[in-house]
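Notes follow the structure.
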Amino acid sequence: MYELLKGLGSWLVGSEQWTGSDGIGHRLAEHLQYSLLATLVAAAIALPVGLLIGHTGRGAFVAINLSSFGRALPTVGLVVLVFLASGLSMWPVYIALVALAVPSIVTNTYAGMTAVDPEVRDAARGQGMRWYQVLFRVELPLALPLIMTGLRLALIQVVATATIAAYVSFGGLGRYVFDGLAQRDLVQVLGGAVLVALVAVVLDLVLSALQRFLFRHRPAPQS
């Protein structure tokens with residue numbers, strides 16, 4: 001174990017490991033690119049759904065259960081299925097990551113909307129606000145802490161799972177894990193896993209701190 005940890009330390013700090021197209025810096029940039037793009041696409045899909053069902057109270061059962069179905073899908077299995085249908089491309093990876101991210105965003109957006117005091121809604125309507133004014137000027141600001149929690153959780157899940165890009169021969173930090181397994185290089189496998197975990201933890205801490213700062217005068221949201 002000591003030799004393994006010593007080898008891991010040397011691997012992480014070695015200058016050769018941080019340069020070139022196979023370097024940690026480049027792989028980290030690829031990993032973040034995959035993760036951020038997938039989360040943005042998932043948000044573009046899930047936020048309108050969550051806002052709509054939270055505002056109208058209609059379709060909540062169907063929408064939430066369909067989004068949860070995406071969470072239950074085996075990620076690697078979905079990648080393989082789309083890979084067989086579309087061929088060698090990043091589409092299988094992005095589809096799997098988006099399917100993973102959607103449930104957290106939908107459920108937290110819906111929860112944030114339903115947590116808005118009905119009397120606040122009634123007061124806004126009583127002042128003559130139209131439905132979209134109530135939605136964007138009253139409900140959305142009040143639901144924003146829980147919505148941001150959903151986005152944070154989705155991003156962390158995607159970051160932790162984006163290693164599957166290497167499963168279909170693309171980049172990211174998962175490259176170290178899959179290449180290490182192929183080469184029986186345990187240090188490289190462990191190095192890739194540690195880097196993914198560190199990125200996920202750092203992002204979670206940064207986003208949590210940002211969320212606490214932005215909503216420091218509100219009760220902490222419950223995910």
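Residue numbering restarts at 1 for every chain of the structure tokens, chains are lettered A, B, ... in their displayed order, and ligands are numbered from 1 as they appear.
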
Could you give me, as JSON lines, a per-residue list for region 168-208 of chain A showing, wherever an atom lies at most 7 Å from an atom of region 142-163 of chain A, the closest pair of atoms and their distance in Å to one decimal, using only C-alpha atoms and sorting by chain then residue number from low to high?
```
{"residue": "A:Gly172", "atom": "CA", "partner": "A:Thr163", "partner_atom": "CA", "distance": 6.5}
{"residue": "A:Leu173", "atom": "CA", "partner": "A:Thr163", "partner_atom": "CA", "distance": 6.1}
{"residue": "A:Gly174", "atom": "CA", "partner": "A:Thr163", "partner_atom": "CA", "distance": 3.8}
{"residue": "A:Val196", "atom": "CA", "partner": "A:Ala160", "partner_atom": "CA", "distance": 6.2}
{"residue": "A:Ala197", "atom": "CA", "partner": "A:Ala160", "partner_atom": "CA", "distance": 6.9}
{"residue": "A:Ala200", "atom": "CA", "partner": "A:Ile156", "partner_atom": "CA", "distance": 5.6}
{"residue": "A:Asp204", "atom": "CA", "partner": "A:Ile156", "partner_atom": "CA", "distance": 6.6}
{"residue": "A:Leu207", "atom": "CA", "partner": "A:Arg152", "partner_atom": "CA", "distance": 6.7}
```

Saved selection, atoms kept: all heavy atoms, as a short mmCIF file (atom, residue, chain, number, x, y, z; two decimals), in the first residue's frame:
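part35.cif written:
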```
data_model
loop_
_atom_site.label_atom_id
_atom_site.label_comp_id
_atom_site.auth_asym_id
_atom_site.auth_seq_id
_atom_site.Cartn_x
_atom_site.Cartn_y
_atom_site.Cartn_z
N GLY A 172 -11.12 13.14 -21.32
CA GLY A 172 -11.54 13.33 -19.95
C GLY A 172 -10.67 12.57 -18.99
O GLY A 172 -9.77 11.80 -19.38
N LEU A 173 -10.91 12.77 -17.71
CA LEU A 173 -10.10 12.10 -16.69
C LEU A 173 -10.32 10.59 -16.67
O LEU A 173 -9.49 9.85 -16.15
CB LEU A 173 -10.44 12.70 -15.32
CG LEU A 173 -10.07 14.19 -15.16
CD1 LEU A 173 -10.58 14.72 -13.82
CD2 LEU A 173 -8.57 14.39 -15.28
N GLY A 174 -11.42 10.14 -17.22
CA GLY A 174 -11.66 8.70 -17.31
C GLY A 174 -10.66 7.99 -18.18
O GLY A 174 -10.49 6.76 -18.08
N VAL A 196 -10.87 12.62 -10.38
CA VAL A 196 -12.32 12.79 -10.55
C VAL A 196 -12.96 13.13 -9.22
O VAL A 196 -13.80 14.04 -9.13
CB VAL A 196 -12.95 11.52 -11.16
CG1 VAL A 196 -14.48 11.64 -11.16
CG2 VAL A 196 -12.46 11.29 -12.57
N ALA A 197 -12.57 12.41 -8.17
CA ALA A 197 -13.14 12.68 -6.85
C ALA A 197 -12.79 14.08 -6.37
O ALA A 197 -13.65 14.79 -5.82
CB ALA A 197 -12.63 11.64 -5.85
N ALA A 200 -14.90 16.69 -8.24
CA ALA A 200 -16.28 16.69 -7.75
C ALA A 200 -16.39 17.37 -6.39
O ALA A 200 -17.29 18.18 -6.15
CB ALA A 200 -16.80 15.25 -7.67
N ASP A 204 -18.26 20.93 -5.63
CA ASP A 204 -19.35 20.92 -4.65
C ASP A 204 -19.12 21.98 -3.57
O ASP A 204 -20.04 22.72 -3.20
CB ASP A 204 -19.48 19.54 -4.02
CG ASP A 204 -20.74 19.39 -3.20
OD1 ASP A 204 -21.78 20.00 -3.57
OD2 ASP A 204 -20.72 18.68 -2.19
N LEU A 207 -19.54 25.57 -5.19
CA LEU A 207 -20.94 25.88 -5.49
C LEU A 207 -21.76 26.02 -4.21
O LEU A 207 -22.67 26.86 -4.14
CB LEU A 207 -21.54 24.81 -6.40
CG LEU A 207 -20.94 24.76 -7.81
CD1 LEU A 207 -21.52 23.59 -8.60
CD2 LEU A 207 -21.19 26.07 -8.55
#
```

> Could you pull the residues within 10 Å of Phe170 (chain A), counting only C-alpha atoms, minus those fewer than 4 positions along the same chain, as a PyMOL selection string?
Replying inline: chain A and resi 30+88-90+93+163-166+174-175

What does the file look like for those residues with C-alpha atoms, as an mmCIF file, in the first residue's frame?
```cif
data_model
loop_
_atom_site.group_PDB
_atom_site.id
_atom_site.type_symbol
_atom_site.label_atom_id
_atom_site.label_comp_id
_atom_site.auth_asym_id
_atom_site.auth_seq_id
_atom_site.Cartn_x
_atom_site.Cartn_y
_atom_site.Cartn_z
ATOM 1 C CA GLU A 30 -12.069 17.876 -21.561
ATOM 2 C CA LEU A 88 -18.499 6.281 -32.711
ATOM 3 C CA SER A 89 -19.267 9.798 -31.473
ATOM 4 C CA MET A 90 -19.809 11.765 -28.272
ATOM 5 C CA VAL A 93 -21.920 10.035 -23.678
ATOM 6 C CA THR A 163 -15.431 9.119 -16.983
ATOM 7 C CA ILE A 164 -17.624 7.064 -19.339
ATOM 8 C CA ALA A 165 -16.415 9.276 -22.219
ATOM 9 C CA ALA A 166 -13.244 7.204 -22.165
ATOM 10 C CA GLY A 174 -11.663 8.703 -17.305
ATOM 11 C CA ARG A 175 -8.931 8.164 -19.882
#
```

> So which one's closest to Ala60 (chain A), A:Met113, A:Leu36, A:Ala29, A:Ile24? Using only C-alpha atoms, please.
Replying inline: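 The shortest atom-to-atom distance to Ala60 (chain A) comes from A:Met113.
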
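Taking CA of Gly171 (chain A) as the reference point, CA of Gln33 (chain A) is found at 10.3 Å.
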
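Using only C-alpha atoms for every distance, the candidate list A:Leu203, A:His55, A:Val177, A:Ala38 yields A:Val177 as the residue closest to Gly191 (chain A).
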
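Take CA of Ile105 (chain A) and CA of Gly25 (chain A): the distance between them is 29.1 Å.
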
> Could you name the residues that touch Asp179 (chain A) at 10 Å or less, counting only C-alpha atoms, but leaving out those on the same chain fewer than 6 positions away, as a list in words?
Replying inline: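 The residues satisfying every condition are Ala166, Tyr167, Ser169, Asp185, Gln188, Val189 and Gly192 of chain A.
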
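The coordinates place CA of Leu32 (chain A) at 24.0 Å from CA of Thr107 (chain A).
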
> Nearest to Pro118 (chain A): which of A:Val134, A:Leu214, A:Val202, A:Leu52 is it, counting only C-alpha atoms?
Replying inline: A:Val134

>> List as a PyMOL selection string the protein and nucleic acid residues near Gly50 (chain A), meaning an atom at most 7 Å away when only C-alpha atoms are counted, but skip any in the same chain fewer than 6 places from it.
In response: chain A and resi 106-107+109-110

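Closest approach to Tyr176 (chain A) from the set A:Val49, A:Ala193, A:Ala115, A:Ala209 is made by A:Ala193, with distances taken over only C-alpha atoms.
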